[in-house]
Amino acid sequence: MNIVFMGTPAFAVPSLDMLVAEGYNITAVVTQPDRPQGRKKVLTPTPVKEAALRHGIPVLQPQRLRSPEAIAELSKYEPDMIVTAAYGQILPKAVLDMPLLGCLNVHGSLLPKYRGGAPIQRCIINGEKVTGITLMYMAEGLDTGDMIARVEVPIQDDDTAGTMFEKLSIVGASLLKEQLPSLTGGKVQAVPQNDEEATYAPNLSREDEKMDWTRTSREIYNQIRGLVPFSGGFTLWNDEVFKVWAAAAPGNGSTASGEAISGTVLDLSENGIVVKTGDGSLTLLSVQPSGKKAMDAAQFSRGTSMTLGTVLT
């Protein structure tokens with residue numbers, strides 16, 4: 001049986017590694033094109049490409065999977081099954097219809113909730129206490145295919161998008177390993193999704209990263225966790241971007257005076273930067289002033305020009 005694997009970020013690597021370790025015949029890997037990374041804009045391969053090359057598997061990187069050239073190239077690898085995990089492009093009907101055993105997707109949410117490109121981040125931002133992995137058949141809609149199996153994974157109060165990506169990537173690989181023998185034997189009865197229960201998790205935008213200090217401490221805390229380690233949240237200090245990478249869970253910081261306006265710095269010490277929120281205060285533990293590297297509160301407090309009463313906007 002020939003399998004083509006499609007994926008891009010580190011989330012997908014455990015699933016690819018598992019397929020290789022279990023002896024499945026991976027004829028090709030499809031991943032996103034190399035992108036410039038960092039301040040020097042160095043062209044960097046995706047984590048899945050690096051894993052594929054490590055295993056000696058041919059790699060395809062089409063700009064547009066739906067182009068006739070990309071479809072023709074993919075067909076040369078004669079896939080009996082296509083397995084995807086966070087690939088990053090919608091599969092066209094010509095690709096969905098290509099493998100006899102269908103196209104499977106390892107999706108990072110409990111479908112039909114959080115369909116879309118940022119399910120893990122938005123689960124945390126929205127304050128969910130549980131998420132999980134859904135193994136599903138792919139269809140033409142956005143994560144609308146029939147569900148094969150689901151596994152729930154709790155979200156701890158100190159989890160970030162980064163820690164949940166790691167946890168869910170392992171769970172996803174394990175669920176795929178468990179279900180593949182039945183899938184290849186045609187013994188699985190997939191269950192249609194209830195579209196009335198569907199919610200959506202579109203990719204994050206710059207607007208999603210902007211912190212609104214009039215919101216509750218818990219909402220802001222969840223926002224920061226959902227953006228780490230990929231972008232962090234940001235506010236403005238002296239009209240310049242001031243990033244926030246970590247905060248103390250609400251209840252661990254100071255109680256804010258009701259007289260201060262939201263965004264006011266109430267305390268500044270090695271223990272943290274206490275900022276007034278809509279319902280109290282939030283203690284920032286790791287920040288990044290414009291043009292500088294991220295630093296903890298102790299480093300920041302020793303050399304900053306920020307003073308008590310400063311208002312972050």
# chains A, B, ... in the order shown; residues from 1 in each chain; ligands from 1

$ select_by_dssp --residues "region 28-161 of chain A" --states "alpha helix (DSSP H)" --output "MDAnalysis selection string"
chainID A and resid 47:55 68:75 93:96 119:125 161

$ write_last_selection --atoms "C-alpha atoms" --output "mmCIF file, in the first residue's frame"
data_model
loop_
_atom_site.group_PDB
_atom_site.id
_atom_site.type_symbol
_atom_site.label_atom_id
_atom_site.label_comp_id
_atom_site.auth_asym_id
_atom_site.auth_seq_id
_atom_site.Cartn_x
_atom_site.Cartn_y
_atom_site.Cartn_z
ATOM 1 C CA PRO A 47 9.844 20.642 10.005
ATOM 2 C CA VAL A 48 8.046 18.005 7.936
ATOM 3 C CA LYS A 49 10.455 18.458 5.032
ATOM 4 C CA GLU A 50 13.397 18.028 7.398
ATOM 5 C CA ALA A 51 11.846 14.821 8.764
ATOM 6 C CA ALA A 52 11.126 13.487 5.279
ATOM 7 C CA LEU A 53 14.684 14.097 4.119
ATOM 8 C CA ARG A 54 15.960 12.396 7.254
ATOM 9 C CA HIS A 55 13.927 9.332 6.263
ATOM 10 C CA PRO A 68 -2.743 20.875 -12.770
ATOM 11 C CA GLU A 69 1.042 20.471 -12.563
ATOM 12 C CA ALA A 70 0.957 19.672 -8.834
ATOM 13 C CA ILE A 71 -1.886 17.186 -9.251
ATOM 14 C CA ALA A 72 -0.109 15.454 -12.126
ATOM 15 C CA GLU A 73 3.123 15.217 -10.133
ATOM 16 C CA LEU A 74 1.308 13.816 -7.089
ATOM 17 C CA SER A 75 -0.465 11.170 -9.173
ATOM 18 C CA LYS A 93 -11.487 17.317 -5.352
ATOM 19 C CA ALA A 94 -8.976 15.886 -7.828
ATOM 20 C CA VAL A 95 -6.667 15.030 -4.918
ATOM 21 C CA LEU A 96 -9.463 13.864 -2.605
ATOM 22 C CA PRO A 119 -7.953 25.154 16.463
ATOM 23 C CA ILE A 120 -5.351 24.717 19.199
ATOM 24 C CA GLN A 121 -4.625 28.411 19.635
ATOM 25 C CA ARG A 122 -8.287 29.414 19.658
ATOM 26 C CA CYS A 123 -9.247 26.688 22.136
ATOM 27 C CA ILE A 124 -6.841 28.231 24.646
ATOM 28 C CA ILE A 125 -7.759 31.826 23.803
ATOM 29 C CA ALA A 161 -0.433 26.800 22.418
#

$ closest_atom_pairs --of "region 222-298 of chain A" --to "region 194-214 of chain A" --cutoff "7 Å" --atoms "only C-alpha atoms" --output "tab-separated table"
residue	atom	partner	partner_atom	distance
A:Gly232	CA	A:Glu209	CA	6.8
A:Gly233	CA	A:Glu209	CA	4.7
A:Phe234	CA	A:Lys210	CA	5.2
A:Thr235	CA	A:Met211	CA	5.5
A:Ser262	CA	A:Trp213	CA	5.3
A:Gly263	CA	A:Trp213	CA	5.2
A:Thr277	CA	A:Trp213	CA	4.9
A:Gly278	CA	A:Thr214	CA	4.1

$ closest_residue --among "A:Val311, A:Leu110, A:Val59, A:Ile155" --to "Asp267 (chain A)" --atoms "only C-alpha atoms"
A:Val311

$ select_by_dssp --residues "region 11-249 of chain A" --states "strand (DSSP E)" --output "ChimeraX atom specification"
/A:25-30,35-37,42-44,59-60,81-85,103-107,130-137,147-154,233-237,240-247

$ closest_atom_pairs --of "region 166-280 of chain A" --to "region 83-91 of chain A" --cutoff "10 Å" --atoms "only C-alpha atoms" --output "Markdown table"
| residue | atom | partner | partner_atom | distance |
| --- | --- | --- | --- | --- |
| A:Ser169 | CA | A:Ala85 | CA | 9.1 |
| A:Gly172 | CA | A:Ala85 | CA | 8.7 |
| A:Ala173 | CA | A:Ala85 | CA | 9.6 |
| A:Leu176 | CA | A:Val83 | CA | 9.3 |

$ closest_residue --among "A:Leu19, A:Met1, A:Val241, A:Val30" --to "Leu101 (chain A)" --atoms "only C-alpha atoms"
A:Met1

$ closest_residue --among "A:Asn126, A:Thr264, A:Ser231, A:Thr144" --to "Leu111 (chain A)" --atoms "only C-alpha atoms"
A:Thr144

$ atom_distance --atom1 "CA of Trp245 (chain A)" --atom2 "CA of Ser15 (chain A)"
28.8 Å

$ atom_distance --atom1 "CA of Asp157 (chain A)" --atom2 "CA of Ala10 (chain A)"
22.9 Å
